[in-house]
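Report on one structure; see the data block that follows.
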Amino acid sequence: MSIFQKLFKNKNAVKKDKAIVFVDYEHWYYSIQKNFGLKPEPVSWRRKLEEQYDLEDVMVFADFGHKGIDGELTKLRNMTNTIIETQQTFSRYKKDMTDFIMLDYIYQTAYTKPDITTFIIFTGDGHFQSVTKYLIQKLNKKVIIYGVRDSVSKQLRTVASECYMLPTDAETLRGYYEMIVSNLAYVSEKSNIIPTFNGTVSAVARHNEVPEELIHAALQEMLDKGLIYQRLQRVAFNKEVKVVAANWAELAKQGLWSFN
């Protein structure tokens, strides 16, 4: 590329809005697990945001002092260096503490960093309605709300500049695909397990606490796409049953499996 082409490209490059992100990780973690049996994917979510915005920072808030969510810290450290642990020693202050701390950071940022034009808030709590209205109406900022489907306050969605719900249908389906692949990898090394279609549905749903009908639909779609296939397996001298098996090569192409 010539110097002229570089200058022309830079001159015509679209300038991204400067944004800062606040994440109520308790909302994300517990709601997506309860509603869909999935876990957050913060790294890929940040990458998508970076395609649209010039990110000043991504700030994550949560009480990580509980089993399950404590295991998310390693994942989060690959996404941001700004993790605010909200665990409190006094139980009477524990309720809503993450919200209160997060709200304080939002107001402080609005005051100390006037150059930020876009506030991205990941939460579902109606407590954030007032700060959203303040940022939009008083400071003329854009406020984008992200939240987990079926767990976001209607009032909060109404006052936001924009609102997006996670997981998307594609993300939900891929999450179920990954559960199924994990199960197939496990049973491939267990000669005593016969992985029938219905048996696989039942095992995956039970292990991941997801409704069977959702796993059934995902497994059928994987079968239709050729990601898995069915074959006859002899279980006795004169008896065969139809089992499901993974098309590992195709799963690898789709990024659902690695041979490493």
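Just so we're on the same page: first chain in the structure tokens is A, next is B, and so on; residues restart at 1 for each chain, and ligands are numbered from 1 in the order they show up.
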
Residue contacts of Tyr176 of chain A (12 Å, only C-alpha atoms) excluding same-chain residues fewer than 6 positions away, as a ChimeraX atom specification: /A:36-39,167,169-170,182-183,201,204-205,207-222,256

From the set A:Ala203, A:Ile121, A:Val159, A:Met79, which residue has the shortest atom-to-atom contact distance to Asp99 of chain A, counting only C-alpha atoms?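 Closest candidate: A:Ile121.
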
Any idea what's packed within 6 Å of segment 240-248 of chain A, counting only C-alpha atoms, ignoring anything in its chain fewer than 4 positions away? Could you give it as a compact mmCIF listing (two decimals) with N, CA, C and O atoms, in the first residue's frame?
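Everything below was put into out-v6.txt:
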```
# COMPACT_ATOMS: atom_id res chain seq x y z
N PRO A 195 -24.58 -45.02 23.46
CA PRO A 195 -25.13 -43.68 23.24
C PRO A 195 -26.26 -43.61 22.21
O PRO A 195 -26.07 -43.18 21.07
N THR A 196 -27.44 -44.05 22.60
CA THR A 196 -28.60 -43.91 21.71
C THR A 196 -28.99 -42.43 21.64
O THR A 196 -28.54 -41.60 22.45
N PHE A 197 -29.85 -42.10 20.70
CA PHE A 197 -30.29 -40.71 20.55
C PHE A 197 -30.96 -40.22 21.83
O PHE A 197 -30.56 -39.22 22.42
N LEU A 227 -23.09 -33.17 11.55
CA LEU A 227 -22.09 -33.03 12.61
C LEU A 227 -22.01 -34.31 13.43
O LEU A 227 -20.97 -34.60 14.03
N ILE A 228 -23.10 -35.03 13.48
CA ILE A 228 -23.12 -36.36 14.07
C ILE A 228 -23.84 -37.28 13.09
O ILE A 228 -24.47 -36.82 12.13
N TYR A 229 -23.75 -38.57 13.31
CA TYR A 229 -24.46 -39.52 12.45
C TYR A 229 -24.91 -40.71 13.31
O TYR A 229 -24.50 -40.84 14.48
N GLN A 230 -25.75 -41.51 12.77
CA GLN A 230 -26.23 -42.70 13.47
C GLN A 230 -25.72 -43.96 12.77
O GLN A 230 -25.62 -44.00 11.55
N ARG A 231 -25.41 -44.95 13.56
CA ARG A 231 -24.96 -46.23 13.03
C ARG A 231 -25.45 -47.35 13.95
O ARG A 231 -25.82 -47.09 15.10
N LEU A 232 -25.45 -48.55 13.41
CA LEU A 232 -25.86 -49.70 14.21
C LEU A 232 -24.69 -50.22 15.02
O LEU A 232 -23.56 -50.30 14.52
N GLN A 233 -24.95 -50.53 16.27
CA GLN A 233 -23.92 -51.08 17.14
C GLN A 233 -24.43 -52.39 17.74
O GLN A 233 -25.53 -52.45 18.30
N ARG A 234 -23.64 -53.43 17.62
CA ARG A 234 -24.04 -54.72 18.15
C ARG A 234 -23.86 -54.72 19.67
O ARG A 234 -22.81 -54.39 20.20
N VAL A 235 -24.93 -55.07 20.38
CA VAL A 235 -24.88 -55.10 21.83
C VAL A 235 -25.03 -56.52 22.37
O VAL A 235 -24.86 -56.75 23.56
```

Select from segment 37-202 of chain A everything DSSP, run on the backbone, classes as strand (DSSP E or B), then give the selection as a ChimeraX atom specification. /A:53-62,82-85,118-122,142-148,162-166

Thr80 of chain A environment, 10 Å, only C-alpha atoms, sequence neighbours closer than 3 positions dropped, as a PDB file with N, CA, C and O atoms, in the first residue's frame:
```
ATOM      1  N   PRO A  42     -17.550 -13.897  28.067  1.00  0.00           N
ATOM      2  CA  PRO A  42     -17.162 -12.482  28.089  1.00  0.00           C
ATOM      3  C   PRO A  42     -16.088 -12.094  27.088  1.00  0.00           C
ATOM      4  O   PRO A  42     -16.086 -10.974  26.586  1.00  0.00           O
ATOM      5  N   VAL A  43     -15.163 -13.009  26.778  1.00  0.00           N
ATOM      6  CA  VAL A  43     -14.068 -12.667  25.860  1.00  0.00           C
ATOM      7  C   VAL A  43     -14.605 -12.397  24.460  1.00  0.00           C
ATOM      8  O   VAL A  43     -14.259 -11.387  23.828  1.00  0.00           O
ATOM      9  N   ARG A  46     -16.589  -9.106  24.360  1.00  0.00           N
ATOM     10  CA  ARG A  46     -15.743  -7.909  24.288  1.00  0.00           C
ATOM     11  C   ARG A  46     -15.218  -7.697  22.870  1.00  0.00           C
ATOM     12  O   ARG A  46     -15.174  -6.563  22.385  1.00  0.00           O
ATOM     13  N   ASP A  57     -12.498   1.194  28.869  1.00  0.00           N
ATOM     14  CA  ASP A  57     -12.283   0.145  29.862  1.00  0.00           C
ATOM     15  C   ASP A  57     -13.518  -0.748  29.899  1.00  0.00           C
ATOM     16  O   ASP A  57     -14.604  -0.346  29.479  1.00  0.00           O
ATOM     17  N   VAL A  58     -13.318  -1.959  30.402  1.00  0.00           N
ATOM     18  CA  VAL A  58     -14.424  -2.872  30.691  1.00  0.00           C
ATOM     19  C   VAL A  58     -14.304  -3.221  32.168  1.00  0.00           C
ATOM     20  O   VAL A  58     -13.333  -3.841  32.595  1.00  0.00           O
ATOM     21  N   MET A  59     -15.293  -2.805  32.955  1.00  0.00           N
ATOM     22  CA  MET A  59     -15.265  -2.971  34.404  1.00  0.00           C
ATOM     23  C   MET A  59     -16.284  -4.034  34.813  1.00  0.00           C
ATOM     24  O   MET A  59     -17.457  -3.940  34.462  1.00  0.00           O
ATOM     25  N   VAL A  60     -15.805  -5.044  35.533  1.00  0.00           N
ATOM     26  CA  VAL A  60     -16.654  -6.170  35.924  1.00  0.00           C
ATOM     27  C   VAL A  60     -16.859  -6.157  37.437  1.00  0.00           C
ATOM     28  O   VAL A  60     -15.895  -6.053  38.201  1.00  0.00           O
ATOM     29  N   LYS A  75     -11.382 -16.768  33.467  1.00  0.00           N
ATOM     30  CA  LYS A  75     -11.973 -16.368  32.185  1.00  0.00           C
ATOM     31  C   LYS A  75     -12.032 -14.839  32.070  1.00  0.00           C
ATOM     32  O   LYS A  75     -11.697 -14.261  31.029  1.00  0.00           O
ATOM     33  N   LEU A  76     -12.447 -14.185  33.154  1.00  0.00           N
ATOM     34  CA  LEU A  76     -12.603 -12.736  33.139  1.00  0.00           C
ATOM     35  C   LEU A  76     -11.265 -12.011  33.010  1.00  0.00           C
ATOM     36  O   LEU A  76     -11.186 -10.950  32.389  1.00  0.00           O
ATOM     37  N   ARG A  77     -10.216 -12.588  33.590  1.00  0.00           N
ATOM     38  CA  ARG A  77      -8.897 -11.938  33.510  1.00  0.00           C
ATOM     39  C   ARG A  77      -8.349 -11.952  32.084  1.00  0.00           C
ATOM     40  O   ARG A  77      -7.442 -11.186  31.756  1.00  0.00           O
ATOM     41  N   ILE A  83     -11.465  -5.752  37.541  1.00  0.00           N
ATOM     42  CA  ILE A  83     -12.454  -6.617  38.182  1.00  0.00           C
ATOM     43  C   ILE A  83     -12.639  -6.128  39.613  1.00  0.00           C
ATOM     44  O   ILE A  83     -11.694  -6.114  40.405  1.00  0.00           O
TER      45      ILE A  83
END
```

With distances taken over only C-alpha atoms, which residue among A:Gln137, A:Thr86, A:Ser151, A:Asn198 lies nearest Tyr30 of chain A?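 Looking only at the distances to Tyr30 of chain A, the closest residue turns out to be A:Ser151.
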
Between A:Ile120, A:Ile32, A:Met179, A:Ala62, which residue has the minimum interatomic distance to Met97 of chain A, considering only C-alpha atoms? A:Ala62

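With only C-alpha atoms as the atoms that count, the minimum distance from Tyr53 of chain A to the choices A:Val14, A:Val23, A:Ile106, A:Ile136 is reached by A:Val14.
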
So, with only C-alpha atoms as the atoms that count, which of A:Tyr186, A:Tyr134, A:Trp28, A:Phe22 lies closest to Ile69 of chain A?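 Closest to Ile69 of chain A, using only C-alpha atoms: A:Trp28.
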
With distances taken over only C-alpha atoms, the candidate from A:Glu162, A:Asp224, A:Asp125, A:Glu178 nearest Asp24 of chain A is A:Asp125

Take atom CA of Pro40 of chain A and atom CA of Tyr105 of chain A and report the distance between them in Å, one decimal.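 So the answer is 22.5 Å.
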
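Relative to atom CA of Thr98 of chain A, atom CA of Gly71 of chain A is found at 18.0 Å.
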
Can you tell me which residues surround Lys141 of chain A at a distance of at most 6 Å, considering only C-alpha atoms, apart from same-chain residues fewer than 2 positions away, and format the answer as a VMD selection string? chain A and resid 117 to 118 135 to 136 139

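Our summary of the geometry notes that atom CA of Phe119 of chain A is positioned 15.7 Å from atom CA of Glu51 of chain A.
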
Exercise: Asp54 of chain A partners within 9 Å, only C-alpha atoms, chain neighbours under 6 positions left out, as a ChimeraX atom specification: /A:15-20

Would you mind exporting N, CA and C atoms of the selected residues as a compact mmCIF listing (two decimals), in the first residue's frame?
```txt
# COMPACT_ATOMS: atom_id res chain seq x y z
N LYS A 15 -14.63 6.98 12.56
CA LYS A 15 -14.21 7.15 13.94
C LYS A 15 -15.22 6.47 14.86
N LYS A 16 -14.70 5.64 15.76
CA LYS A 16 -15.57 4.93 16.68
C LYS A 16 -15.91 5.80 17.89
N ASP A 17 -17.12 5.63 18.41
CA ASP A 17 -17.51 6.32 19.63
C ASP A 17 -16.67 5.80 20.79
N LYS A 18 -16.30 6.71 21.68
CA LYS A 18 -15.55 6.31 22.86
C LYS A 18 -16.53 5.79 23.91
N ALA A 19 -16.30 4.56 24.36
CA ALA A 19 -17.26 3.92 25.26
C ALA A 19 -16.56 3.32 26.47
N ILE A 20 -17.34 3.15 27.52
CA ILE A 20 -16.87 2.45 28.72
C ILE A 20 -17.95 1.45 29.11
```

Go through segment 16-250 of chain A and collect every residue that DSSP, computed from the backbone, puts in helix (DSSP H, G or I); the answer should be as a ChimeraX atom specification. /A:25-36,42-52,69-77,91-93,97-112,126-138,154-159,169-187,197-208,212-224,248-250
